Every structure is written in structure tokens, then in C-alpha cells.
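This report refers to the structure that appears directly beneath it.
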Amino acid sequence: MNVKTTLAAALAASAFAVLPATAQDNIKIGSSLGLTGYGSLTDGHWRDGLEIAIAAVNAKGGVLGKKLELIAEDNKSTPQQAVVVYRKMMSDDKVSAFDSGCISAGNFAAASFVSKAKLPMFLCSILPRQPDEQKWAFSFLPPPKFEVDARYDYLKSKTEVRKIGLLADPSPYSLLMRGIAEKAAAEFGLEVVANETYQQDDSDFSVQIGRINSAGAGAIIMLGQGNAVVTVANNVKNLGLNKILVLGSINERDILVATGNVLGEQFLFPSPLIQLAADDINVITKPESRAAAEPFISAMKAKFGSSDSSMASRAWDSIMMMAAAMKKANATDGTAVRDAFEALGHYDGAGASYDFSKEQHVGITKNPYVMALVKDGKLVLKK
Amino acid sequence: MTSPAITSTRPTIKFDRISVILWIGAAVLFAGVFAYGGYLITVMQLAMIYGVFCIGLNFFMGYTGQASFGQNAFAAIGGYGTAILCVQYNMEPVLALVTSMVVAGVAALVVGYPTLRLRGHYLAMATFALGLITYDISVQWTSLTQGYMGYAGIPPLGIGSYTIEDERMKLVCLTVLALIGLWISQRLRNSRFGRALRAISGSEPGAAALGIKISRYKLIAFVIAALYASASGSLFAHTVGFISPEVFGLHMVVVTFTMLYVGGVGTIAGPLVGAIVASLLPEIVRSTGRFQDVAYAAILLLMLIFAPKGLYAVGDLFRSRKVDKPETRA
């Protein structure tokens, strides 16, 4: 063996020796995301938020002297694939914790073995239902009732409308909200006079809107995300219904703007302040919240331009809180991180304020939504 | 639809050199996954569950030559049946699995009797509607199925105080069950009943002329497929511990069709081969990242182009060459 060969062999050996060491030096955060399938819209934003948050944490030196590393896997919005990718991230990638997307069924399917492995799960979705699984799961999703309450409260306090029509798509989240909307109406002195459904890819809703209007509803409560609301707006305009209010769901910024451009102030929607802050940071008046929001908005604009921010902001918050818990615990093992996270106390984040504790694993306890409208192509607070 | 089941009169489980190599390859693959452990164990578990489903579907689509897009309905009956019986009524998992199979069989009998009078595209549409209806029921009947929230806490398979918690043991158990399903399929295929099914697949008027009661045999094949589907639904529930409507949705129809055609529709081991290949393939191309689906679809396309009768029939290419050689010389 000559000198060159020996050197090459030594270099190759050292390269192989370095590679795993580098990988082990990082703290790996696993994320099961519905990047294809029905969850792709929301989970894509969740991933964006995770990416910029991890970049921001690493830019400040990481956590406990180590870099955070995101391992994101596509669960194709199905529970079967979610089980596979969760297992993969546990056995092959050896992640320290999970920060997963909004596909509830996927997170539920994996919750039993993730909790047995004592790994914390930070979720965009609702919590799994088994008590043993809930001990390891933390939800960053505002309870669905808040979205309904924001609209009902507006109708009750600011308008004379007392009869409403529901227009819902058949997605899991919308069906959940429809049940809530039916029950909650009476609390706000409202009556549901029509209850219509639509398919997300329908190209016309004139029939459903006509039925809601003829039932005497003064407002259409849309329950469902995506661009169907733009079609509804066009149908309402074409039918000449210039008195009926359209109260949309939380949605993508671009879709809200497109809808508002058709209906003007006839279209209102619930929105977290962070979504409005992308146009005007002054809507956030609480200093702690503003301090959390500013770096997030800067990072979003730097990487994604005018990309939507409400979902990503909570993903950002989840990583910031996870990093804070790891620092507080001075460890990255699951039990220590979970216990430290439960003891973090009140946290003002970019997307909302959180109050996690040992007993409270749904972090958002106060309604983060305000009513908003579109004015001059921007999202503004409805006063 | 003509399948190898019709065109071939040779014994279907072959033990020549090519078959032995294939079976040894399968054994090595299984042993490799078993030894490596990790998430590939889960992938293989799901492959075995889908394998059971596809072996059943092969009775109706392969041997009998009919089209069904609604077998996911019976998987849902199996999954929800076993979940409800175990969680709500504390029934033994094995007993719940068998009870769910009986319910699915009766449902297939009731639904199949009028439906199977249809043929071709009409039958395909009717069975597709069956799957959609069952999906909607599983979403809307929340008091029974818990809707999109799904059923959690379903116990693993076991008998009495013995439960199979270990992932490797789960895989062994599922593999044994899939092989039993395969053995039953092989025995039935070569029976008088199986030959009648294959005759129907070849020509319904021809089979009728031979005295085969077409409706009755189609119905029996449909019920057998439903029993297998129900068993696979139950096995999924006991293996994962959670079910929701999405598990038994349109995705299941697409995946199982892919498996059946990749492996070889109408062959005996093809459905199981297809289930394993179609399950492992996405993991092999996982390193392509965002192009994973593109790479997976491209490989599937190549398989279907170069092995249109399925992977299990690939060995026949070599066998036929051997047979052809003397004829060519002559």
C-alpha cells in the first residue's frame, strides 16, 4: 500500500467517523406532516413555521450547545402512512421530540407508541383521546369553538342579524365545527334556519345560497377552508344579495383578499392578530406579543415573501417553547422536556398566548380571533 | 378480462428452480427486515395486512374476472366491528375478529345478491357506491363509529391473558395469517369451485353452458373476498390500535388495486407479492425527498409496462424461453 492509498483510506475512514458524530450532535425534531392529500395546505404552512423557527434558534447558538435539526416526513394525510413515518423517525432518525402537523387521525394513530416511548408530541391538531396519550401531547390549535364564537359574538353585539345559515364542507375539521356551530347558536341568541353542505371542488353554490336566503338568514356562516369562499362571494354578488353577510372561516391571506375584493365589507372573517400584523404590526398592542411577533414576521418575509402567517406562527411558537423547555430542563430526553414544558407558565408567542401546565395540554385558552375585513387589498381589523 | 388464471393450465404453485429462487429471495427479504427491525417492521406489518385484503380481492377480480371497487366497505366492517366489540364490550380480540368476519359475510351476501346481477362497468359503479356509502356511514354515525375522531385503545391480538405486544411477534403473527390465507386461496383455486370461477372469468355464457350457476358462484366469490377484507380491517385495528374513516377510504381502494396488479391479478401469490413490493417501494425511494411520489409512480409504470401480468408472472418469461428453444430449433 503506497502513501497515497493510505492517505485516501485514512480520509475515507475519518469521513465515515465524522458523519454519524455530526448527526448525533444535532437535536432532531420529528414532524409528521400531510404534505400531500387534504392536509397539504395547512401542514405546508406548519412546516414553513418550523423551518424558520429552527433556523432562528440555530442562528442564536442552538439549544444546549447543539443545533436543532428538522426531520419532516410526508404522511400523505393518512393514518397508515403516519404510523410508518412516526416509526421511521423514532427508530431510524432517533428524534428527541415531535412537532407534527394538523392531521388528527395520523397523530392519534401514532400516539399510543409515541407515548410509550416517552416522547413529547407538540401538535397542530387536537389532542388524542386516550388519557395516557394526552400526558405526552400538547395542542397548539385554538379550540374550534373559538372560531365560531368570534363570528357569533360579532353578529350578536354588532348587528341585528339573528337568523343564520350554515354552509359547510365535509372535511373532518368543518364537520366538527358544524356540530359546534349548531349547538352554540342558541348561546348567542341566534337561530340556524338553514344547514347546507358543499364539496370543496364544486364550481357553483347558488342553490345552497338561494336556500339559505329564502329561509330568511341574514348571514351565511361558512365552515371550511380553501378557495370555495371566493366562489360563494361571486355567487352572492351574481344573485344580487347585497344585504346578506358572508362570514368566512379562518383562511389563507390570498383567498381572504380575493373574496374581500368581490364583496367588500359584506365579507368578514375571524383572524388571529398575527395575520393582520403582516400588513400592520400596530394591531398587536401587547408589548410581549409584539416582541414575539416581530422576529417571526421578519423571518417569514425574508424567506417566503408574503406567505400566510397564522398557521406558521404557531409552529414558530411551538419550536421556541420547545427550545425554552429544553434549556430549562438542561436536557433533551422526553420526560425532562415534557416536565419542563409543563412548568413554563404563561407564554406570549407570535401566534397566540399559551397557558400550558400539567393539567392543561391545550395551550390556547383565550380566544385569539378578532373579526377582520379586506380594505384596499389588505386585511384590517373590523371595528 | 383475461387473467393468467384462465390462460394457464399448469399447476400454479411451482417448485422449479425459478420458483425456489423467488421463495428464497422472499425469505431473505423477510429475515432481513426482521433482523434490521426499526420502522421496516411496521411497513411489513401493513404489507401483510394489505396482502390478506388483496388475496381476498383476487378471488373476485382475479379468479372470477369481476370488478369491485367497494371491498373497503367490508374492511371497514371488520375494523369497526372488532374495535366496537373489543373496546365497548371487552370481547376477546380473536372472537371479535371472527364475529366481524361473520357480519361482513352476511352483509356481502345481502348486498351482493342484487348487486351481482349487474355486469362490467355497472357492477364496478355499484361496488364503488358501496364503498362510498360505508365511508359516509363511518363518518356520520358518530354514536357508533365516533366519526373522524376515530376509535383508539383497540387491544392487540391475543388469546386470554397472552397478548402480542412485541412488534416483531406481531409481524410473525400477521405473516402466518397471510400465508394461511394464501394456502386457502391456492386450495380453492384448484378445486372444482375454483375452476368454476375461472370458467366464469373466461366466458360467462360458456360457463353457463357447462352448467355453472353464474350468479351463485359470483356471490360466493364476493362473500369470500368480503371475509378476507373484514379480516384485514380487524388486523389493522389490532395492529395499530386506532382506526378512523380515512383508513378505509378511497386511498385503500387505490392502494389495493395497485398491489393486485403489480403482483399479478389472477395468480396465487401475486397479491401478497404486490402488497410487499408496493409497500416497500416508497421506502426504497424515500431518499428522493419531495420526488418520492414521482419516483414511486415511475417505477410502478415501468413494472406495469414490462411485467403487465404482474411481478409473480415474471418468472414465466424465463420458463417459456426454455420451452420455446426446442420448438425454435425444429
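Residues in the C-alpha cells are numbered from 1 in each chain, the chains being A, B, ... in the order shown, and ligands are numbered from 1 in the order shown.
Every residue of chain A that lies within 9 Å of chain B is listed here, counting only C-alpha atoms: A:Glu73, A:Asp74, A:Ser77, A:Thr78, A:Pro79, A:Gln80, A:Val83, A:Val84, A:Val85, A:Tyr86, A:Arg87, A:Lys88, A:Met89, A:Met90, A:Ser91, A:Asp92, A:Ser104, A:Ala105, A:Phe108, A:Ala109, A:Ala110, A:Ser112, A:Pro128, A:Arg129, A:Gln130, A:Pro172, A:Tyr173, A:Leu175, A:Leu176.
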Writing out the chosen residues with C-alpha atoms as a PDB file, in the first residue's frame:
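That gives us again.pdb:
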```pdb
ATOM      1  CA  GLU A  73     -41.865  13.285   6.693  1.00  0.00           C
ATOM      2  CA  ASP A  74     -44.957  13.282   4.499  1.00  0.00           C
ATOM      3  CA  SER A  77     -52.751  12.812   5.122  1.00  0.00           C
ATOM      4  CA  THR A  78     -53.492   9.176   6.028  1.00  0.00           C
ATOM      5  CA  PRO A  79     -53.223   7.377   9.383  1.00  0.00           C
ATOM      6  CA  GLN A  80     -51.459   4.380   7.783  1.00  0.00           C
ATOM      7  CA  VAL A  83     -47.786   5.292  11.615  1.00  0.00           C
ATOM      8  CA  VAL A  84     -44.963   4.426   9.213  1.00  0.00           C
ATOM      9  CA  VAL A  85     -43.278   7.844   9.326  1.00  0.00           C
ATOM     10  CA  TYR A  86     -43.592   8.189  13.099  1.00  0.00           C
ATOM     11  CA  ARG A  87     -41.956   4.767  13.479  1.00  0.00           C
ATOM     12  CA  LYS A  88     -39.256   5.736  10.994  1.00  0.00           C
ATOM     13  CA  MET A  89     -38.409   8.938  12.837  1.00  0.00           C
ATOM     14  CA  MET A  90     -38.271   7.081  16.145  1.00  0.00           C
ATOM     15  CA  SER A  91     -36.221   4.066  15.088  1.00  0.00           C
ATOM     16  CA  ASP A  92     -34.000   5.401  12.291  1.00  0.00           C
ATOM     17  CA  SER A 104     -55.553  14.480  13.711  1.00  0.00           C
ATOM     18  CA  ALA A 105     -56.121  10.864  12.681  1.00  0.00           C
ATOM     19  CA  PHE A 108     -53.962   9.731  17.029  1.00  0.00           C
ATOM     20  CA  ALA A 109     -52.793   6.548  15.276  1.00  0.00           C
ATOM     21  CA  ALA A 110     -49.212   7.125  16.425  1.00  0.00           C
ATOM     22  CA  SER A 112     -50.038   5.100  21.629  1.00  0.00           C
ATOM     23  CA  PRO A 128     -55.532  12.311  21.140  1.00  0.00           C
ATOM     24  CA  ARG A 129     -58.365  10.987  23.270  1.00  0.00           C
ATOM     25  CA  GLN A 130     -56.707   8.378  25.476  1.00  0.00           C
ATOM     26  CA  PRO A 172     -63.156  16.489   9.402  1.00  0.00           C
ATOM     27  CA  TYR A 173     -62.456  19.920  10.871  1.00  0.00           C
ATOM     28  CA  LEU A 175     -67.810  18.726  10.391  1.00  0.00           C
ATOM     29  CA  LEU A 176     -66.504  19.187  13.912  1.00  0.00           C
TER      30      LEU A 176
END
```
Q: Excluding Gly260 in chain A and residues on its chain fewer than 5 positions from it, collect all residues at most 7 Å away from it, counting only C-alpha atoms, and give them as an NGL selection string.
A: :A and (267 or 373-374)
Q: as a PyMOL selection string, list the residues of range 240-327 of chain B assigned to helix (DSSP H, G or I) by DSSP on the backbone atoms of this structure.
A: chain B and resi 240+245-248+250-263+270-284+286-306+311-327
Q: Please indicate the distance in Å from CA of Gly266 in chain B to CA of Pro114 in chain B, rounded to one decimal place.
A: 24.9 Å
Taking only residues of range 233-273 of chain A that have an atom at most 10 Å from an atom of range 199-211 of chain A, what is each one's shortest atom pair and its distance in Å to one decimal, using only C-alpha atoms, in chain and number order, as a tab-separated table?
```
residue	atom	partner	partner_atom	distance
A:Ala233	CA	A:Phe205	CA	9.5
A:Asn234	CA	A:Asp204	CA	9.0
A:Asn235	CA	A:Ser206	CA	5.7
A:Val236	CA	A:Ile209	CA	7.2
A:Asn238	CA	A:Ser206	CA	8.9
A:Leu239	CA	A:Ser206	CA	7.6
A:Leu241	CA	A:Gly210	CA	9.4
```
Q: Please provide the set of residues having any atom within 9 Å of range 305-316 of chain A, restricted to only C-alpha atoms, with same-chain residues fewer than 3 positions apart removed, written as a ChimeraX atom specification.
A: /A:42-54,99-101,123-124,140-141,251-254,271-275,278,293,296-297,300-302,319-321,349-352
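One distance worth recording is that between CA of Ile212 in chain A and CA of Gly39 in chain A, which is 28.7 Å.
The space between CA of Ala72 in chain A and CA of Leu33 in chain A spans 6.9 Å.
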Q.
Residues within 9 Å of Leu281 in chain B, please, as a list in words. Count only C-alpha atoms; anything in the same chain fewer than 5 positions from it doesn't count.
A. Ile276, Arg286, Tyr296, Ile299 and Leu300 of chain B
In range 55-207 of chain B, DSSP strand (DSSP E) residues written as a tab-separated table (two decimals) with C-alpha atoms, in the first residue's frame:
```
chain	number	residue	atom	x	y	z
B	151	TYR	CA	-61.55	4.61	17.66
B	152	ALA	CA	-58.49	4.43	19.88
B	158	GLY	CA	-54.04	-12.29	21.67
B	159	ILE	CA	-55.81	-15.10	23.41
B	162	TYR	CA	-51.48	-13.64	26.26
B	163	THR	CA	-51.32	-10.59	24.00
```
(Q) For a quick check of understanding, using only C-alpha atoms, which of B:Val176, B:Phe257, B:Ala73, B:Thr64 has the smallest distance to Arg195 in chain B? (A) B:Thr64
Q: Fewer than 6 positions away in the same chain doesn't count, so skip those; otherwise give me all residues within 12 Å of Asn26 in chain A, counting only C-alpha atoms, as a PyMOL selection string.
A: chain A and resi 19-20+54+58+61-71+93-96+332
